[in-house]
>>> print(open('structure.tsv').read())   # TSV, N, CA, C and O atoms
chain	number	residue	atom	x	y	z
A	1	MET	N	83.76	-59.46	27.21
A	1	MET	CA	85.19	-59.66	27.17
A	1	MET	C	85.58	-61.06	27.64
A	1	MET	O	86.48	-61.65	27.08
A	2	SER	N	84.89	-61.53	28.66
A	2	SER	CA	85.26	-62.84	29.20
A	2	SER	C	85.00	-63.96	28.20
A	2	SER	O	85.68	-64.99	28.25
A	3	GLU	N	84.04	-63.75	27.28
A	3	GLU	CA	83.77	-64.81	26.30
A	3	GLU	C	84.98	-65.05	25.40
A	3	GLU	O	85.24	-66.19	24.99
A	4	HIS	N	85.75	-64.00	25.11
A	4	HIS	CA	86.96	-64.18	24.30
A	4	HIS	C	88.00	-65.00	25.06
A	4	HIS	O	88.64	-65.88	24.49
A	5	LEU	N	88.11	-64.73	26.35
A	5	LEU	CA	89.06	-65.50	27.17
A	5	LEU	C	88.58	-66.94	27.34
A	5	LEU	O	89.40	-67.87	27.31
A	6	ASP	N	87.27	-67.14	27.47
A	6	ASP	CA	86.73	-68.50	27.54
A	6	ASP	C	87.04	-69.27	26.26
A	6	ASP	O	87.40	-70.45	26.31
A	7	ASN	N	86.90	-68.62	25.12
A	7	ASN	CA	87.21	-69.27	23.84
A	7	ASN	C	88.68	-69.66	23.77
A	7	ASN	O	89.01	-70.74	23.25
A	8	ILE	N	89.55	-68.82	24.29
A	8	ILE	CA	90.98	-69.15	24.30
A	8	ILE	C	91.24	-70.34	25.21
A	8	ILE	O	91.99	-71.26	24.85
A	9	ILE	N	90.62	-70.36	26.37
A	9	ILE	CA	90.78	-71.49	27.29
A	9	ILE	C	90.32	-72.78	26.63
A	9	ILE	O	90.98	-73.82	26.74
A	10	ASN	N	89.20	-72.74	25.92
A	10	ASN	CA	88.72	-73.93	25.20
A	10	ASN	C	89.70	-74.36	24.12
A	10	ASN	O	89.95	-75.56	23.95
A	11	ASP	N	90.27	-73.39	23.41
A	11	ASP	CA	91.24	-73.72	22.36
A	11	ASP	C	92.52	-74.30	22.96
A	11	ASP	O	93.11	-75.22	22.39
A	12	ILE	N	92.94	-73.77	24.08
A	12	ILE	CA	94.14	-74.30	24.75
A	12	ILE	C	93.90	-75.75	25.14
A	12	ILE	O	94.78	-76.60	25.00
A	13	ASP	N	92.70	-76.04	25.62
A	13	ASP	CA	92.36	-77.42	25.97
A	13	ASP	C	92.48	-78.33	24.75
A	13	ASP	O	93.00	-79.44	24.84
A	14	LEU	N	92.04	-77.86	23.59
A	14	LEU	CA	92.17	-78.65	22.36
A	14	LEU	C	93.63	-78.87	21.99
A	14	LEU	O	94.01	-79.97	21.57
A	15	ILE	N	94.44	-77.85	22.16
A	15	ILE	CA	95.87	-77.97	21.86
A	15	ILE	C	96.52	-78.99	22.79
A	15	ILE	O	97.33	-79.81	22.37
A	16	LYS	N	96.15	-78.94	24.07
A	16	LYS	CA	96.72	-79.86	25.04
A	16	LYS	C	96.34	-81.31	24.74
A	16	LYS	O	97.11	-82.23	25.01
A	17	LYS	N	95.17	-81.51	24.17
A	17	LYS	CA	94.72	-82.87	23.85
A	17	LYS	C	95.34	-83.39	22.55
A	17	LYS	O	95.43	-84.60	22.36
A	18	ALA	N	95.75	-82.49	21.68
A	18	ALA	CA	96.35	-82.88	20.40
A	18	ALA	C	97.86	-83.04	20.60
A	18	ALA	O	98.44	-82.53	21.53
A	19	ASP	N	98.46	-83.76	19.69
A	19	ASP	CA	99.91	-83.95	19.78
A	19	ASP	C	100.65	-83.38	18.57
A	19	ASP	O	101.80	-83.70	18.34
A	20	ASN	N	99.98	-82.54	17.83
A	20	ASN	CA	100.59	-82.05	16.60
A	20	ASN	C	100.91	-80.55	16.62
A	20	ASN	O	101.05	-79.93	15.59
A	21	TYR	N	101.05	-79.97	17.83
A	21	TYR	CA	101.39	-78.56	17.94
A	21	TYR	C	102.80	-78.40	18.48
A	21	TYR	O	103.23	-79.15	19.36
A	22	ASN	N	103.51	-77.44	17.95
A	22	ASN	CA	104.86	-77.15	18.39
A	22	ASN	C	104.78	-76.30	19.65
A	22	ASN	O	104.40	-75.14	19.60
A	23	LEU	N	105.15	-76.90	20.77
A	23	LEU	CA	105.11	-76.20	22.06
A	23	LEU	C	106.50	-76.12	22.69
A	23	LEU	O	106.63	-75.94	23.90
A	24	LYS	N	107.54	-76.23	21.85
A	24	LYS	CA	108.90	-76.22	22.36
A	24	LYS	C	109.26	-74.93	23.07
A	24	LYS	O	109.99	-74.94	24.06
A	25	GLN	N	108.76	-73.80	22.58
A	25	GLN	CA	109.08	-72.51	23.18
A	25	GLN	C	107.95	-71.98	24.07
A	25	GLN	O	108.07	-70.90	24.63
A	26	ILE	N	106.88	-72.74	24.17
A	26	ILE	CA	105.69	-72.29	24.88
A	26	ILE	C	105.36	-73.23	26.03
A	26	ILE	O	105.30	-74.44	25.85
A	27	ASN	N	105.13	-72.66	27.20
A	27	ASN	CA	104.61	-73.43	28.32
A	27	ASN	C	103.10	-73.22	28.29
A	27	ASN	O	102.59	-72.21	28.76
A	28	ILE	N	102.40	-74.17	27.71
A	28	ILE	CA	100.96	-74.04	27.48
A	28	ILE	C	100.20	-73.96	28.81
A	28	ILE	O	99.18	-73.27	28.91
A	29	ASP	N	100.69	-74.63	29.84
A	29	ASP	CA	100.04	-74.55	31.16
A	29	ASP	C	100.18	-73.15	31.75
A	29	ASP	O	99.25	-72.64	32.37
A	30	PHE	N	101.34	-72.54	31.57
A	30	PHE	CA	101.58	-71.17	32.02
A	30	PHE	C	100.63	-70.22	31.30
A	30	PHE	O	100.04	-69.33	31.93
A	31	LEU	N	100.49	-70.40	30.00
A	31	LEU	CA	99.59	-69.56	29.22
A	31	LEU	C	98.16	-69.71	29.73
A	31	LEU	O	97.46	-68.72	29.97
A	32	GLU	N	97.71	-70.94	29.90
A	32	GLU	CA	96.35	-71.19	30.39
A	32	GLU	C	96.13	-70.55	31.77
A	32	GLU	O	95.12	-69.89	32.01
A	33	LYS	N	97.09	-70.73	32.66
A	33	LYS	CA	96.99	-70.16	34.01
A	33	LYS	C	96.86	-68.64	33.94
A	33	LYS	O	96.05	-68.04	34.65
A	34	ASN	N	97.63	-68.00	33.07
A	34	ASN	CA	97.59	-66.55	32.97
A	34	ASN	C	96.29	-66.05	32.34
A	34	ASN	O	95.80	-64.99	32.71
A	35	ILE	N	95.75	-66.79	31.41
A	35	ILE	CA	94.46	-66.43	30.82
A	35	ILE	C	93.37	-66.51	31.90
A	35	ILE	O	92.53	-65.62	32.02
A	36	ILE	N	93.40	-67.55	32.69
A	36	ILE	CA	92.42	-67.71	33.78
A	36	ILE	C	92.58	-66.57	34.79
A	36	ILE	O	91.58	-65.99	35.24
A	37	GLU	N	93.82	-66.25	35.15
A	37	GLU	CA	94.05	-65.14	36.08
A	37	GLU	C	93.54	-63.82	35.50
A	37	GLU	O	92.94	-63.02	36.21
A	38	LEU	N	93.78	-63.62	34.21
A	38	LEU	CA	93.31	-62.40	33.56
A	38	LEU	C	91.79	-62.34	33.59
A	38	LEU	O	91.20	-61.30	33.87
A	39	LYS	N	91.16	-63.47	33.34
A	39	LYS	CA	89.69	-63.52	33.38
A	39	LYS	C	89.17	-63.15	34.77
A	39	LYS	O	88.19	-62.44	34.91
A	40	ASN	N	89.87	-63.61	35.80
A	40	ASN	CA	89.47	-63.31	37.17
A	40	ASN	C	89.69	-61.84	37.54
A	40	ASN	O	89.10	-61.35	38.48
A	41	MET	N	90.54	-61.16	36.80
A	41	MET	CA	90.83	-59.75	37.05
A	41	MET	C	89.81	-58.81	36.41
A	41	MET	O	89.82	-57.62	36.68
A	42	LEU	N	88.94	-59.31	35.58
A	42	LEU	CA	88.04	-58.45	34.81
A	42	LEU	C	87.18	-57.56	35.67
A	42	LEU	O	86.82	-56.46	35.27
A	43	SER	N	86.86	-58.00	36.85
A	43	SER	CA	86.01	-57.17	37.72
A	43	SER	C	86.84	-56.24	38.60
A	43	SER	O	86.29	-55.42	39.32
A	44	ASN	N	88.14	-56.36	38.56
A	44	ASN	CA	89.04	-55.53	39.36
A	44	ASN	C	90.02	-54.81	38.43
A	44	ASN	O	89.74	-54.59	37.27
A	45	ASN	N	91.17	-54.51	38.97
A	45	ASN	CA	92.22	-53.90	38.17
A	45	ASN	C	92.91	-54.95	37.32
A	45	ASN	O	93.33	-55.99	37.84
A	46	ILE	N	93.05	-54.68	36.06
A	46	ILE	CA	93.70	-55.60	35.14
A	46	ILE	C	95.19	-55.26	35.07
A	46	ILE	O	95.56	-54.10	34.91
A	47	ASP	N	96.01	-56.28	35.19
A	47	ASP	CA	97.45	-56.13	35.11
A	47	ASP	C	97.84	-56.04	33.63
A	47	ASP	O	97.81	-57.05	32.91
A	48	LEU	N	98.17	-54.84	33.18
A	48	LEU	CA	98.48	-54.65	31.76
A	48	LEU	C	99.79	-55.33	31.36
A	48	LEU	O	99.96	-55.70	30.19
A	49	GLU	N	100.69	-55.52	32.31
A	49	GLU	CA	101.92	-56.28	32.01
A	49	GLU	C	101.57	-57.73	31.71
A	49	GLU	O	102.18	-58.35	30.84
A	50	LYS	N	100.59	-58.27	32.43
A	50	LYS	CA	100.15	-59.65	32.17
A	50	LYS	C	99.53	-59.73	30.78
A	50	LYS	O	99.78	-60.69	30.04
A	51	VAL	N	98.76	-58.73	30.40
A	51	VAL	CA	98.17	-58.70	29.06
A	51	VAL	C	99.27	-58.71	28.01
A	51	VAL	O	99.21	-59.46	27.02
A	52	ASP	N	100.30	-57.91	28.21
A	52	ASP	CA	101.42	-57.85	27.27
A	52	ASP	C	102.16	-59.18	27.20
A	52	ASP	O	102.49	-59.65	26.11
A	53	THR	N	102.40	-59.79	28.35
A	53	THR	CA	103.08	-61.09	28.39
A	53	THR	C	102.28	-62.15	27.64
A	53	THR	O	102.83	-62.91	26.84
A	54	ILE	N	100.98	-62.18	27.89
A	54	ILE	CA	100.12	-63.15	27.21
A	54	ILE	C	100.12	-62.91	25.70
A	54	ILE	O	100.21	-63.87	24.92
A	55	ALA	N	100.06	-61.66	25.29
A	55	ALA	CA	100.06	-61.34	23.85
A	55	ALA	C	101.33	-61.87	23.20
A	55	ALA	O	101.28	-62.43	22.09
A	56	LYS	N	102.47	-61.71	23.86
A	56	LYS	CA	103.74	-62.20	23.30
A	56	LYS	C	103.77	-63.72	23.21
A	56	LYS	O	104.24	-64.28	22.22
A	57	ILE	N	103.25	-64.39	24.22
A	57	ILE	CA	103.22	-65.86	24.22
A	57	ILE	C	102.30	-66.35	23.09
A	57	ILE	O	102.64	-67.28	22.36
A	58	ILE	N	101.15	-65.73	22.96
A	58	ILE	CA	100.20	-66.14	21.92
A	58	ILE	C	100.80	-65.91	20.54
A	58	ILE	O	100.66	-66.75	19.64
A	59	TYR	N	101.48	-64.79	20.36
A	59	TYR	CA	102.13	-64.54	19.07
A	59	TYR	C	103.16	-65.63	18.77
A	59	TYR	O	103.21	-66.17	17.66
A	60	GLN	N	103.97	-65.98	19.76
A	60	GLN	CA	104.99	-67.02	19.55
A	60	GLN	C	104.34	-68.37	19.26
A	60	GLN	O	104.80	-69.10	18.39
A	61	LEU	N	103.26	-68.69	19.98
A	61	LEU	CA	102.53	-69.93	19.73
A	61	LEU	C	102.02	-69.97	18.29
A	61	LEU	O	102.17	-70.98	17.60
A	62	ASN	N	101.46	-68.89	17.84
A	62	ASN	CA	100.92	-68.81	16.49
A	62	ASN	C	102.05	-68.92	15.46
A	62	ASN	O	101.94	-69.65	14.47
A	63	LEU	N	103.13	-68.21	15.69
A	63	LEU	CA	104.28	-68.25	14.79
A	63	LEU	C	104.89	-69.64	14.71
A	63	LEU	O	105.15	-70.17	13.62
A	64	ASP	N	105.09	-70.27	15.87
A	64	ASP	CA	105.69	-71.61	15.93
A	64	ASP	C	104.84	-72.66	15.25
A	64	ASP	O	105.35	-73.73	14.86
A	65	ASN	N	103.56	-72.39	15.11
A	65	ASN	CA	102.65	-73.36	14.52
A	65	ASN	C	102.12	-72.90	13.17
A	65	ASN	O	101.03	-73.30	12.74
A	66	SER	N	102.91	-72.07	12.51
A	66	SER	CA	102.63	-71.61	11.14
A	66	SER	C	101.21	-71.06	10.99
A	66	SER	O	100.55	-71.30	9.99
A	67	PHE	N	100.77	-70.34	12.00
A	67	PHE	CA	99.46	-69.69	11.96
A	67	PHE	C	98.35	-70.70	11.61
A	67	PHE	O	97.53	-70.46	10.75
A	68	SER	N	98.38	-71.83	12.33
A	68	SER	CA	97.35	-72.86	12.12
A	68	SER	C	95.98	-72.28	12.45
A	68	SER	O	95.87	-71.24	13.09
A	69	ASN	N	94.95	-72.95	12.02
A	69	ASN	CA	93.60	-72.46	12.28
A	69	ASN	C	93.34	-72.25	13.76
A	69	ASN	O	92.78	-71.23	14.16
A	70	LEU	N	93.77	-73.19	14.58
A	70	LEU	CA	93.49	-73.10	16.01
A	70	LEU	C	94.34	-72.01	16.68
A	70	LEU	O	93.81	-71.21	17.46
A	71	THR	N	95.63	-71.96	16.38
A	71	THR	CA	96.46	-70.94	17.02
A	71	THR	C	96.10	-69.55	16.49
A	71	THR	O	96.17	-68.56	17.23
A	72	ASN	N	95.70	-69.47	15.26
A	72	ASN	CA	95.26	-68.20	14.70
A	72	ASN	C	93.95	-67.74	15.37
A	72	ASN	O	93.75	-66.57	15.61
A	73	HIS	N	93.09	-68.69	15.67
A	73	HIS	CA	91.85	-68.38	16.36
A	73	HIS	C	92.15	-67.82	17.75
A	73	HIS	O	91.53	-66.84	18.19
A	74	ILE	N	93.09	-68.42	18.45
A	74	ILE	CA	93.50	-67.92	19.76
A	74	ILE	C	94.00	-66.49	19.63
A	74	ILE	O	93.63	-65.61	20.42
A	75	SER	N	94.83	-66.25	18.64
A	75	SER	CA	95.36	-64.91	18.41
A	75	SER	C	94.25	-63.90	18.13
A	75	SER	O	94.25	-62.80	18.68
A	76	ASN	N	93.31	-64.28	17.30
A	76	ASN	CA	92.19	-63.39	16.97
A	76	ASN	C	91.31	-63.11	18.18
A	76	ASN	O	90.86	-61.98	18.38
A	77	GLU	N	91.07	-64.12	18.99
A	77	GLU	CA	90.26	-63.95	20.20
A	77	GLU	C	90.96	-63.00	21.18
A	77	GLU	O	90.32	-62.15	21.79
A	78	PHE	N	92.29	-63.15	21.30
A	78	PHE	CA	92.99	-62.28	22.22
A	78	PHE	C	93.04	-60.84	21.69
A	78	PHE	O	92.93	-59.88	22.44
A	79	TYR	N	93.17	-60.72	20.39
A	79	TYR	CA	93.14	-59.38	19.78
A	79	TYR	C	91.79	-58.71	20.06
A	79	TYR	O	91.73	-57.54	20.41
A	80	ALA	N	90.72	-59.47	19.93
A	80	ALA	CA	89.38	-58.93	20.20
A	80	ALA	C	89.27	-58.52	21.67
A	80	ALA	O	88.71	-57.47	22.00
A	81	PHE	N	89.82	-59.34	22.56
A	81	PHE	CA	89.82	-59.00	23.98
A	81	PHE	C	90.58	-57.69	24.21
A	81	PHE	O	90.10	-56.80	24.92
A	82	GLU	N	91.77	-57.58	23.62
A	82	GLU	CA	92.58	-56.37	23.78
A	82	GLU	C	91.85	-55.13	23.25
A	82	GLU	O	91.91	-54.06	23.85
A	83	PHE	N	91.17	-55.29	22.14
A	83	PHE	CA	90.42	-54.18	21.54
A	83	PHE	C	89.32	-53.71	22.49
A	83	PHE	O	89.17	-52.51	22.73
A	84	MET	N	88.58	-54.65	23.05
A	84	MET	CA	87.51	-54.29	23.98
A	84	MET	C	88.07	-53.69	25.27
A	84	MET	O	87.51	-52.75	25.82
A	85	LEU	N	89.19	-54.21	25.72
A	85	LEU	CA	89.85	-53.68	26.90
A	85	LEU	C	90.28	-52.23	26.68
A	85	LEU	O	90.06	-51.36	27.52
A	86	GLU	N	90.85	-51.97	25.52
A	86	GLU	CA	91.28	-50.61	25.19
A	86	GLU	C	90.09	-49.65	25.18
A	86	GLU	O	90.18	-48.54	25.71
A	87	LYS	N	88.97	-50.10	24.63
A	87	LYS	CA	87.77	-49.24	24.60
A	87	LYS	C	87.29	-48.92	26.02
A	87	LYS	O	86.91	-47.80	26.31
A	88	LYS	N	87.31	-49.95	26.90
A	88	LYS	CA	86.88	-49.73	28.28
A	88	LYS	C	87.82	-48.77	29.00
A	88	LYS	O	87.37	-47.92	29.78
A	89	ILE	N	89.10	-48.91	28.75
A	89	ILE	CA	90.07	-48.02	29.40
A	89	ILE	C	89.86	-46.59	28.94
A	89	ILE	O	89.86	-45.66	29.74
A	90	LYS	N	89.64	-46.41	27.64
A	90	LYS	CA	89.42	-45.06	27.10
A	90	LYS	C	88.15	-44.43	27.67
A	90	LYS	O	88.09	-43.22	27.85
A	91	LYS	N	87.14	-45.25	27.94
A	91	LYS	CA	85.88	-44.73	28.49
A	91	LYS	C	85.96	-44.56	30.01
A	91	LYS	O	85.02	-44.09	30.62
A	92	GLY	N	87.10	-44.97	30.59
A	92	GLY	CA	87.28	-44.82	32.02
A	92	GLY	C	86.51	-45.83	32.85
A	92	GLY	O	86.21	-45.60	34.02
A	93	LYS	N	86.17	-46.96	32.24
A	93	LYS	CA	85.38	-47.97	32.95
A	93	LYS	C	86.26	-49.02	33.61
A	93	LYS	O	85.75	-49.98	34.16
A	94	LEU	N	87.57	-48.84	33.55
A	94	LEU	CA	88.49	-49.75	34.24
A	94	LEU	C	89.47	-48.96	35.04
A	94	LEU	O	89.84	-47.89	34.75
>>> encode(input="structure.tsv", output="structure tokens")
Amino acid sequence: MSEHLDNIINDIDLIKKADNYNLKQINIDFLEKNIIELKNMLSNNIDLEKVDTIAKIIYQLNLDNSFSNLTNHISNEFYAFEFMLEKKIKKGKL
């Protein structure tokens, strides 16, 4: 699961280095901070409200950037993380 969050962190770094992404409605530093916090929660209790907040921010980022390759990749990575999280919750491992 953490590899998906690592991939998102790497993609956020690429977005921060580029100047061609629409970040008017997105605080990219806030998103990065929350992804890192979520990654640190993996061994403890995961804040599902934080997961929901991050999902909404990522959706807005992807929408604002016309589903670019990079923002779409972030969205797909987070979807994969959510899918794995759901499986762990159903198995009672969280």
>>> atom_distance(input="structure.tsv", atom1="atom CA of A:Ile36", atom2="atom CA of A:Glu86")
19.2 Å
>>> closest_residue(input="structure.tsv", among="A:Asn10, A:Ser75, A:Asn27, A:Asp19", to="A:Ala55", atoms="all atoms listed in the file")
A:Ser75
>>> closest_residue(input="structure.tsv", among="A:Ile8, A:Ala80, A:Ile26, A:Leu38", to="A:Leu63", atoms="only C-alpha atoms")
A:Ile26
>>> closest_residue(input="structure.tsv", among="A:Ser2, A:Asn7, A:Asn22, A:Asn44", to="A:Asn62", atoms="all atoms listed in the file")
A:Asn22
>>> axis_aligned_box(input="structure.tsv", around="stretch 48-53 of chain A", padding_each_side="4 Å", output="lines of an AutoDock Vina configuration file")
center_x = 100.6
center_y = -58.8
center_z = 29.6
size_x = 12.9
size_y = 16.3
size_z = 15.1
>>> closest_residue(input="structure.tsv", among="A:Ile46, A:Phe78, A:Gln25, A:Leu31", to="A:Asn65", atoms="only C-alpha atoms")
A:Gln25
>>> closest_residue(input="structure.tsv", among="A:Leu70, A:Ile35, A:Met1, A:Ile89", to="A:Lys16", atoms="only C-alpha atoms")
A:Leu70
>>> atom_distance(input="structure.tsv", atom1="atom CA of A:Ser66", atom2="atom CA of A:Asp29")
20.4 Å
>>> closest_residue(input="structure.tsv", among="A:Lys88, A:Tyr21, A:Glu82, A:Glu3", to="A:Phe67", atoms="only C-alpha atoms")
A:Tyr21
>>> atom_distance(input="structure.tsv", atom1="atom O of A:Met41", atom2="atom O of A:Lys93")
9.0 Å
>>> residues_around(input="structure.tsv", residues="A:Ile54", least_positions_apart="3", cutoff="8 Å", atoms="only N, CA, C and O atoms", output="list in words")
Phe30, Leu31, Asn34, Ile35, Asp47, Leu48, Glu49, Lys50, Val51, Ile57, Ile58, Tyr59, Gln60, Leu61 and Phe78 of chain A
>>> select_by_dssp(input="structure.tsv", residues="stretch 19-70 of chain A", states="alpha helix (DSSP H)", output="PyMOL selection string")
chain A and resi 28-41+48-64+69-70
